[in-house]
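The structure under discussion appears below in the form of structure tokens.
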Amino acid sequence: MKMRMDYNNMLSSRVSDGITQQELDKLSASIKKANKAMVDKRAAGKMAWRDLPYNQEGAVKEINDYVNEMKDEIDAFVVLGIGGSALGPMAVQQALNHPWWNELPREKRNGFPKLYVLDNVDPERLVYFFQTVDPTRCLYNVISKSGSTSETMSQFMIIQQMLEEKVGKEAARRKIVCTTDAVSGNLITIAKAEGYKYFIIPSAVGGRFSELTPVGLLPAAFCGIDIKGLLVGAAAMDEACKEEDIYKNPAHMYALLHYIGMTKGKNISVMMPYADSLKFISDWYAQLWAESLGKQFDNDGKTVNVGQTPVKTLGVTDQHSQVQLYAEGPFDKIIVFLGVDEYRETITIPKTYADMPSLGFLGGVTHNKLIKTEQDATEYAITKSGRMNMTLTLPKVTASTLGQLLYFFEVATAYAGELLNIDAFDQPGVEEGKNATYAMFGRPGYEEKKAELDAAPAKDDKYII
Ligand code: PA5
């Protein structure tokens with residue numbers, strides 16, 4: 001089963017300000033350069049995430065053994081992580097398991113535990129979480145590549161203390177598992193010192209590209225997901241993404257079309273899955289696309305301020321909230337419909353009001369047909385209004401097709417980075433806020449930043465009403 005990409009509606013033959021063949025042809029030198037960079041960087045180990053479909057065999061075995069050892073001891077598997085250490089686990093769980101997984105009785109979860117992801121540090125979240133589960137019957141997975149992220153580490157410290165108080169240090173040890181870098185950061189030091197089980201994130205794989213490492217594989221395996229299937233799907237997509245010819249390489253073409261779109265003022269990338277199961281793919285994609293491509297400087301140090309703002313939506317729900325804007329608002333978006341051919345379930349509308357024309361046509365129709373038809377109709381309307389759009393389709397949402405999709409977006413993001421001539425793998429813009437937080441807390445080493453903050457002009461009360 002292969003994912004498909006239909007980009008007809010990105011082209012000038014179908015939408016008023018669409019991309020022309022001339023525009024595509026004009027970029028052949030940039031395409032060649034980007035292709036070469038992708039190959040060279042991979043060979044030089046600078047795209048280590050591209051090897052994950054092939055080198056996680058050992059991790060998969062260790063993960064599956066660990067799941068078998070632990071799963072019956074716990075009610076819930078709890079992820080303490082944020083950003084790239086949380087969005088993937090949420091997206092994969094939502095895609096492949098029952099949408100109300102935690103509410104199902106255990107036998108309907110095939111004996112697997114519940115899953116919670118505590119990514120935010122809103123104080124209410126942790127307190128309410130402790131009121132929802134027996135916190136001593138959970139396995140806590142502290143996920144942090146850097147091993148120093150304040151949000152994750154603060155949650156860890158609260159939970160470690162709670163466990164040690166409630167069950168004692170020895171028993172607490174078995175309830176914490178870490179996923180982090182083998183060498184750098186505090187978390188690996190702590191894990192070793194405390195005797196926690198730990199899994200390694202390959203050092204050259206960055207946070208938002210780490211879903212196919214134990215970051216994503218461990219939580220998925222604890223929810224009974226076929227993690228090998230995810231990797232097999234990713235490997236299949238890797239083959240397609242090695243194609244030199246851009247017309248045969250879906251991820252490169254996706255990136256190129258978005259790149260041209262950006263040069264034509266399409267500053268917004270709308271991701272619109274027509275499947276509840278793919279809802280959190282939009283969240284995961286939003287981080288990947290935004291954090292990787294939103295950059296001030298290019299690789300030559302020139303100020304470019306590039307990037308596209310990702311917008312997370314859900315079909316058909318957002319037809320009733322955002323599509324009005326897409327159809328008639330500014331011409332500043334590329335809309336990506338994300339559909340499935342076959343849903344896992346079928347439900348049919350009864351022929352209750354056959355004599356009422358506005359309802360009768362629904363009688364005997366399945367929701368499967370209704371959602372698909374609404375997707376096609378929205379695509380038609382958006383195209384008619386001249387807005388660039390394209391459609392990605394999974395034949396069915398399975399571990400393998402999901403692996404294809406995740407890997408596809410990762411390659412597309414990296415390739416878009418090459419076309420934009422920016423570093424898609426760093427996030428310097430996030431540092432300023434982090435450093436300001438440290439300074440506000442008086443963390444040693446941030447005295448200069450604190451002085452800078454103190455010297456900033458005070459807000460004028462006149463403008464606070
Ligand atoms: O993509 C990234 O690098 C970030 O979004 C990180 O995933 C996020 O900041 C969490 O970092 P860490 O895993 O180091 O705790």
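Starting from 1 in every chain, residues are counted up; chains themselves are A, B, ... following the order of the structure tokens, and ligands are numbered from 1 as listed.
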*Compile the contact shell of Pro428 of chain A as a PyMOL selection string: residues with an atom at most 12 Å away, counting only C-alpha atoms, same-chain residues fewer than 6 positions apart removed.*
chain A and resi 291-297+434-435
Write a file of the selected residues as a compact mmCIF listing (two decimals), in the first residue's frame, keeping all heavy atoms.
```txt
# COMPACT_ATOMS: atom_id res chain seq x y z
N GLU A 291 9.46 24.98 12.73
CA GLU A 291 10.74 25.12 13.42
C GLU A 291 11.92 24.91 12.46
O GLU A 291 12.98 25.48 12.63
CB GLU A 291 10.81 24.11 14.58
CG GLU A 291 11.64 24.60 15.75
CD GLU A 291 11.44 23.75 17.00
OE1 GLU A 291 11.76 22.56 16.99
OE2 GLU A 291 10.96 24.31 18.01
N SER A 292 11.69 24.08 11.44
CA SER A 292 12.78 23.79 10.51
C SER A 292 12.97 24.91 9.49
O SER A 292 14.10 25.24 9.13
CB SER A 292 12.51 22.48 9.75
OG SER A 292 12.32 21.43 10.65
N LEU A 293 11.86 25.50 9.02
CA LEU A 293 11.98 26.41 7.88
C LEU A 293 11.85 27.89 8.24
O LEU A 293 12.21 28.75 7.44
CB LEU A 293 10.92 26.06 6.83
CG LEU A 293 10.96 24.62 6.30
CD1 LEU A 293 9.89 24.40 5.23
CD2 LEU A 293 12.35 24.27 5.73
N GLY A 294 11.37 28.17 9.43
CA GLY A 294 11.22 29.58 9.81
C GLY A 294 12.55 30.14 10.27
O GLY A 294 12.94 29.98 11.42
N LYS A 295 13.27 30.79 9.37
CA LYS A 295 14.64 31.22 9.72
C LYS A 295 14.90 32.67 9.30
O LYS A 295 14.42 33.14 8.27
CB LYS A 295 15.67 30.30 9.04
CG LYS A 295 15.58 28.83 9.51
CD LYS A 295 16.10 28.63 10.92
CE LYS A 295 15.48 27.43 11.64
NZ LYS A 295 15.90 26.13 11.22
N GLN A 296 15.72 33.32 10.10
CA GLN A 296 16.09 34.72 9.81
C GLN A 296 17.21 34.80 8.77
O GLN A 296 17.19 35.62 7.88
CB GLN A 296 16.55 35.40 11.11
CG GLN A 296 16.92 36.85 10.92
CD GLN A 296 17.26 37.54 12.24
OE1 GLN A 296 17.28 36.92 13.30
NE2 GLN A 296 17.54 38.82 12.17
N PHE A 297 18.20 33.92 8.94
CA PHE A 297 19.39 33.99 8.06
C PHE A 297 19.47 32.77 7.16
O PHE A 297 19.08 31.66 7.55
CB PHE A 297 20.67 34.04 8.91
CG PHE A 297 20.72 35.23 9.83
CD1 PHE A 297 20.63 35.06 11.20
CD2 PHE A 297 20.86 36.52 9.31
CE1 PHE A 297 20.66 36.16 12.06
CE2 PHE A 297 20.91 37.62 10.17
CZ PHE A 297 20.82 37.45 11.54
N LYS A 434 14.21 30.95 25.75
CA LYS A 434 14.75 30.04 26.79
C LYS A 434 15.73 30.80 27.67
O LYS A 434 15.68 30.70 28.90
CB LYS A 434 15.51 28.88 26.12
CG LYS A 434 14.65 27.73 25.66
CD LYS A 434 15.56 26.58 25.28
CE LYS A 434 14.83 25.51 24.53
NZ LYS A 434 15.70 24.48 23.98
N ASN A 435 16.62 31.56 27.04
CA ASN A 435 17.63 32.29 27.81
C ASN A 435 16.99 33.34 28.71
O ASN A 435 17.43 33.54 29.85
CB ASN A 435 18.64 32.96 26.87
CG ASN A 435 19.47 31.91 26.15
OD1 ASN A 435 19.57 30.76 26.60
ND2 ASN A 435 20.07 32.27 25.02
```
*What are the DSSP alpha helix (DSSP H) residues of segment 31-89 of chain A, as a VMD selection string?*
chain A and resid 31 to 43 52 to 55 57 to 70 87 to 89
Next, dump the selected residues to file, keeping only C-alpha atoms, as a short mmCIF file (atom, residue, chain, number, x, y, z; two decimals), in the first residue's frame.
```
data_model
loop_
_atom_site.label_atom_id
_atom_site.label_comp_id
_atom_site.auth_asym_id
_atom_site.auth_seq_id
_atom_site.Cartn_x
_atom_site.Cartn_y
_atom_site.Cartn_z
CA ILE A 31 16.87 21.26 -7.93
CA LYS A 32 20.22 19.79 -8.97
CA LYS A 33 21.99 21.69 -6.21
CA ALA A 34 19.44 20.59 -3.60
CA ASN A 35 19.64 16.96 -4.79
CA LYS A 36 23.40 17.01 -4.46
CA ALA A 37 23.23 18.57 -0.99
CA MET A 38 20.77 15.87 0.15
CA VAL A 39 23.07 13.11 -1.11
CA ASP A 40 26.27 14.69 0.19
CA LYS A 41 24.86 15.51 3.61
CA ARG A 42 23.47 12.02 4.00
CA ALA A 43 26.82 10.50 3.04
CA LEU A 52 16.64 5.23 11.05
CA PRO A 53 14.47 2.93 8.90
CA TYR A 54 17.49 0.63 8.65
CA ASN A 55 19.41 0.90 11.92
CA GLU A 57 16.62 -3.19 14.70
CA GLY A 58 18.50 -3.49 17.99
CA ALA A 59 16.37 -0.79 19.57
CA VAL A 60 13.17 -2.47 18.35
CA LYS A 61 14.13 -5.76 19.99
CA GLU A 62 15.13 -4.08 23.24
CA ILE A 63 11.91 -2.05 23.23
CA ASN A 64 9.68 -5.05 22.60
CA ASP A 65 11.42 -7.07 25.33
CA TYR A 66 11.03 -4.18 27.74
CA VAL A 67 7.33 -3.79 26.89
CA ASN A 68 6.76 -7.49 27.57
CA GLU A 69 8.59 -7.22 30.87
CA MET A 70 6.75 -4.12 32.12
CA LEU A 87 4.19 15.43 19.21
CA GLY A 88 5.25 12.27 17.38
CA PRO A 89 4.11 9.88 20.12
#
```
*Val311 of chain A: which residues within 10 Å, counting only C-alpha atoms, same-chain residues fewer than 4 positions away excluded, as a PyMOL selection string?*
chain A and resi 268-272+282-283+285-286+290+333+335
Taking only C-alpha atoms and all ligand atoms into account, which residues are within 9 Å of ligand 1, as a short mmCIF file (atom, residue, chain, number, x, y, z; two decimals) with C-alpha atoms, in the first residue's frame?
```
data_model
loop_
_atom_site.label_atom_id
_atom_site.label_comp_id
_atom_site.auth_asym_id
_atom_site.auth_seq_id
_atom_site.Cartn_x
_atom_site.Cartn_y
_atom_site.Cartn_z
CA GLY A 81 8.50 15.35 26.91
CA ILE A 82 7.74 18.39 24.77
CA GLY A 83 8.07 19.46 21.12
CA GLY A 84 9.80 16.76 19.12
CA SER A 85 9.70 14.54 22.19
CA ALA A 86 5.91 14.61 22.49
CA LEU A 87 4.19 15.43 19.21
CA VAL A 142 11.29 11.03 30.43
CA ILE A 143 12.13 11.96 26.84
CA SER A 144 14.66 14.69 26.19
CA LYS A 145 17.35 14.75 23.54
CA SER A 146 19.18 17.63 25.21
CA GLY A 147 18.50 16.21 28.64
CA SER A 148 17.99 19.68 30.01
CA THR A 149 14.65 20.98 28.77
CA SER A 150 13.11 22.83 31.73
CA GLU A 151 9.54 21.68 31.10
CA THR A 152 10.41 18.00 30.86
CA MET A 153 12.99 17.98 33.62
CA THR A 179 15.08 8.35 26.41
CA THR A 180 17.99 10.65 25.71
CA ASP A 181 21.38 11.21 24.14
CA GLY A 185 22.97 16.44 28.86
CA GLY A 206 17.50 16.16 16.22
CA GLY A 207 14.27 16.39 18.24
CA ARG A 208 11.68 16.90 15.52
CA PHE A 209 13.29 14.27 13.28
CA SER A 210 13.42 11.66 16.07
CA VAL A 215 11.43 8.67 21.23
CA GLN A 287 6.37 21.79 14.43
CA LEU A 288 8.46 20.14 11.74
CA GLU A 291 10.74 25.12 13.42
CA SER A 292 12.78 23.79 10.51
CA PHE A 425 17.97 21.40 11.60
CA ASP A 426 18.59 24.18 14.11
CA GLN A 427 16.19 26.44 16.03
CA VAL A 430 13.77 29.44 20.33
#
```
*Any idea what's packed within 12 Å of Ser28 of chain A, counting only C-alpha atoms, ignoring anything in its chain fewer than 6 positions away? Could you give it as a list in words?*
Gln21, Gln22, Ala34, Asn35, Glu244, Asp245, Ile246, Tyr247, Leu256 and Leu419 of chain A
I need the chosen residues saved as a tab-separated table (two decimals), in the first residue's frame, with C-alpha atoms.
```tsv
chain	number	residue	atom	x	y	z
A	21	GLN	CA	5.78	24.64	-16.34
A	22	GLN	CA	8.20	27.50	-17.05
A	34	ALA	CA	19.44	20.59	-3.60
A	35	ASN	CA	19.64	16.96	-4.79
A	244	GLU	CA	16.89	12.17	-8.82
A	245	ASP	CA	13.99	12.98	-11.09
A	246	ILE	CA	11.79	15.40	-9.17
A	247	TYR	CA	8.72	14.23	-11.06
A	256	LEU	CA	9.55	22.41	-4.52
A	419	LEU	CA	15.89	25.06	-1.70
```
Run DSSP on the backbone and give me the residues of segment 125-348 of chain A it puts in strand (DSSP E), as a CSV table (one decimal) with N, CA and C atoms, in the first residue's frame.
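To be explicit, this is the file written out as states26.csv:
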```
chain,number,residue,atom,x,y,z
A,138,CYS,N,2.0,3.8,37.2
A,138,CYS,CA,2.4,4.3,35.8
A,138,CYS,C,3.9,4.1,35.6
A,139,LEU,N,4.2,4.0,34.3
A,139,LEU,CA,5.6,4.0,34.0
A,139,LEU,C,5.9,5.3,33.3
A,140,TYR,N,6.8,6.1,33.8
A,140,TYR,CA,7.1,7.5,33.3
A,140,TYR,C,8.3,7.5,32.4
A,141,ASN,N,8.0,7.9,31.1
A,141,ASN,CA,9.1,7.9,30.1
A,141,ASN,C,9.6,9.4,30.0
A,142,VAL,N,10.7,9.7,30.5
A,142,VAL,CA,11.3,11.0,30.4
A,142,VAL,C,12.0,11.1,29.1
A,143,ILE,N,11.5,11.9,28.2
A,143,ILE,CA,12.1,12.0,26.8
A,143,ILE,C,12.7,13.3,26.6
A,144,SER,N,14.0,13.4,26.5
A,144,SER,CA,14.7,14.7,26.2
A,144,SER,C,16.0,14.4,25.5
A,176,ILE,N,10.5,4.6,36.2
A,176,ILE,CA,11.0,5.7,35.4
A,176,ILE,C,12.0,5.1,34.3
A,177,VAL,N,11.7,5.5,33.1
A,177,VAL,CA,12.6,5.1,32.0
A,177,VAL,C,12.9,6.4,31.2
A,178,CYS,N,14.2,6.5,30.8
A,178,CYS,CA,14.6,7.7,30.1
A,178,CYS,C,14.9,7.4,28.7
A,179,THR,N,14.7,8.4,27.8
A,179,THR,CA,15.1,8.4,26.4
A,179,THR,C,15.9,9.6,26.1
A,180,THR,N,17.2,9.5,25.8
A,180,THR,CA,18.0,10.7,25.7
A,180,THR,C,19.3,10.4,24.9
A,181,ASP,N,20.1,11.3,24.8
A,181,ASP,CA,21.4,11.2,24.1
A,181,ASP,C,22.3,10.3,25.0
A,197,LYS,N,16.4,2.6,33.8
A,197,LYS,CA,16.5,2.0,32.4
A,197,LYS,C,16.5,3.2,31.4
A,198,TYR,N,17.3,3.1,30.4
A,198,TYR,CA,17.3,4.2,29.4
A,198,TYR,C,17.5,3.6,28.0
A,199,PHE,N,16.9,4.4,27.0
A,199,PHE,CA,17.1,4.2,25.6
A,199,PHE,C,17.8,5.4,25.0
A,200,ILE,N,18.5,5.1,23.9
A,200,ILE,CA,19.3,6.1,23.3
A,200,ILE,C,18.7,6.7,22.1
A,201,ILE,N,18.8,8.0,22.0
A,201,ILE,CA,18.5,8.7,20.7
A,201,ILE,C,19.8,8.9,20.0
A,268,ILE,N,1.4,30.6,4.1
A,268,ILE,CA,0.7,29.8,5.1
A,268,ILE,C,0.5,28.4,4.5
A,269,SER,N,0.8,27.4,5.3
A,269,SER,CA,0.7,26.0,4.9
A,269,SER,C,-0.4,25.3,5.7
A,270,VAL,N,-1.5,25.1,5.1
A,270,VAL,CA,-2.7,24.5,5.8
A,270,VAL,C,-2.6,23.0,5.7
A,271,MET,N,-2.7,22.3,6.8
A,271,MET,CA,-2.7,20.8,6.7
A,271,MET,C,-4.1,20.4,7.2
A,272,MET,N,-4.8,19.8,6.3
A,272,MET,CA,-6.3,19.4,6.5
A,272,MET,C,-6.6,18.0,6.3
A,273,PRO,N,-6.3,17.2,7.4
A,273,PRO,CA,-6.6,15.8,7.3
A,273,PRO,C,-8.1,15.5,7.3
A,295,LYS,N,13.3,30.8,9.4
A,295,LYS,CA,14.6,31.2,9.7
A,295,LYS,C,14.9,32.7,9.3
A,296,GLN,N,15.7,33.3,10.1
A,296,GLN,CA,16.1,34.7,9.8
A,296,GLN,C,17.2,34.8,8.8
A,297,PHE,N,18.2,33.9,8.9
A,297,PHE,CA,19.4,34.0,8.1
A,297,PHE,C,19.5,32.8,7.2
A,303,THR,N,20.2,38.0,5.7
A,303,THR,CA,18.8,38.0,6.3
A,303,THR,C,17.8,37.7,5.3
A,304,VAL,N,17.0,36.6,5.5
A,304,VAL,CA,16.0,36.2,4.6
A,304,VAL,C,14.6,36.2,5.2
A,305,ASN,N,14.5,35.9,6.5
A,305,ASN,CA,13.2,35.8,7.2
A,305,ASN,C,12.2,35.0,6.4
A,306,VAL,N,12.6,33.7,6.2
A,306,VAL,CA,11.7,32.8,5.4
A,306,VAL,C,10.9,31.9,6.3
A,309,THR,N,3.8,29.7,7.7
A,309,THR,CA,3.1,29.4,8.9
A,309,THR,C,2.2,28.2,8.8
A,310,PRO,N,2.4,27.2,9.5
A,310,PRO,CA,1.5,26.0,9.4
A,310,PRO,C,0.2,26.2,10.1
A,311,VAL,N,-0.9,25.8,9.5
A,311,VAL,CA,-2.2,25.9,10.2
A,311,VAL,C,-2.7,24.5,10.3
A,312,LYS,N,-3.2,24.2,11.5
A,312,LYS,CA,-3.7,22.8,11.8
A,312,LYS,C,-5.2,22.8,11.7
A,333,LYS,N,-2.2,31.1,0.9
A,333,LYS,CA,-2.1,29.7,1.5
A,333,LYS,C,-1.9,28.7,0.5
A,334,ILE,N,-1.3,27.6,0.9
A,334,ILE,CA,-1.3,26.3,0.2
A,334,ILE,C,-2.1,25.3,1.1
A,335,ILE,N,-3.1,24.8,0.5
A,335,ILE,CA,-3.9,23.9,1.4
A,335,ILE,C,-3.6,22.4,1.0
A,336,VAL,N,-3.2,21.6,2.0
A,336,VAL,CA,-2.9,20.2,1.7
A,336,VAL,C,-4.0,19.4,2.4
A,337,PHE,N,-4.8,18.7,1.5
A,337,PHE,CA,-5.8,17.8,2.0
A,337,PHE,C,-5.1,16.4,2.2
A,338,LEU,N,-5.4,15.8,3.3
A,338,LEU,CA,-4.8,14.6,3.7
A,338,LEU,C,-5.9,13.6,3.9
A,339,GLY,N,-6.0,12.7,2.9
A,339,GLY,CA,-7.2,11.8,2.9
A,339,GLY,C,-6.8,10.3,3.0
A,340,VAL,N,-7.8,9.5,3.2
A,340,VAL,CA,-7.6,8.0,3.2
A,340,VAL,C,-8.6,7.4,2.3
A,341,ASP,N,-8.2,6.3,1.6
A,341,ASP,CA,-9.2,5.6,0.7
A,341,ASP,C,-10.2,4.8,1.6
A,342,GLU,N,-9.6,4.1,2.6
A,342,GLU,CA,-10.4,3.2,3.3
A,342,GLU,C,-10.3,3.5,4.8
```
*Residues at most 9 Å from Glu374 of chain A, counting only C-alpha atoms, excluding those fewer than 3 positions away in the same chain, as an MDAnalysis selection string?*
chainID A and resid 315:316 319 369:371 377:379
*What lies within 8 Å of segment 388-404 of chain A using only C-alpha atoms, ignoring chain neighbours under 2 positions off, as a VMD selection string?*
chain A and resid 1 to 11 15 17 to 18 92 95 to 96 225 to 227 229 to 237 277 333 to 344 379 382 to 383 386 406 to 408
*Which of these residues is nearest to Ala76 of chain A, using only C-alpha atoms: A:Gly433, A:Pro135, A:Gly417, A:Pro357?*
A:Pro135
*asked:* Report, in Å to a single decimal, how far apart atom CA of Phe331 of chain A and atom CA of Ser385 of chain A are.
replied: 9.7 Å
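Among the candidate residues A:Asn110, A:Gln93, A:Pro219, A:Ala182, the one lying nearest to Leu80 of chain A is A:Pro219, with distances computed using only C-alpha atoms.
The nearest approach to Asp51 of chain A among the residues A:Ile465, A:Val79, A:Leu212, A:Ile347, with only C-alpha atoms taken into account, belongs to A:Leu212.
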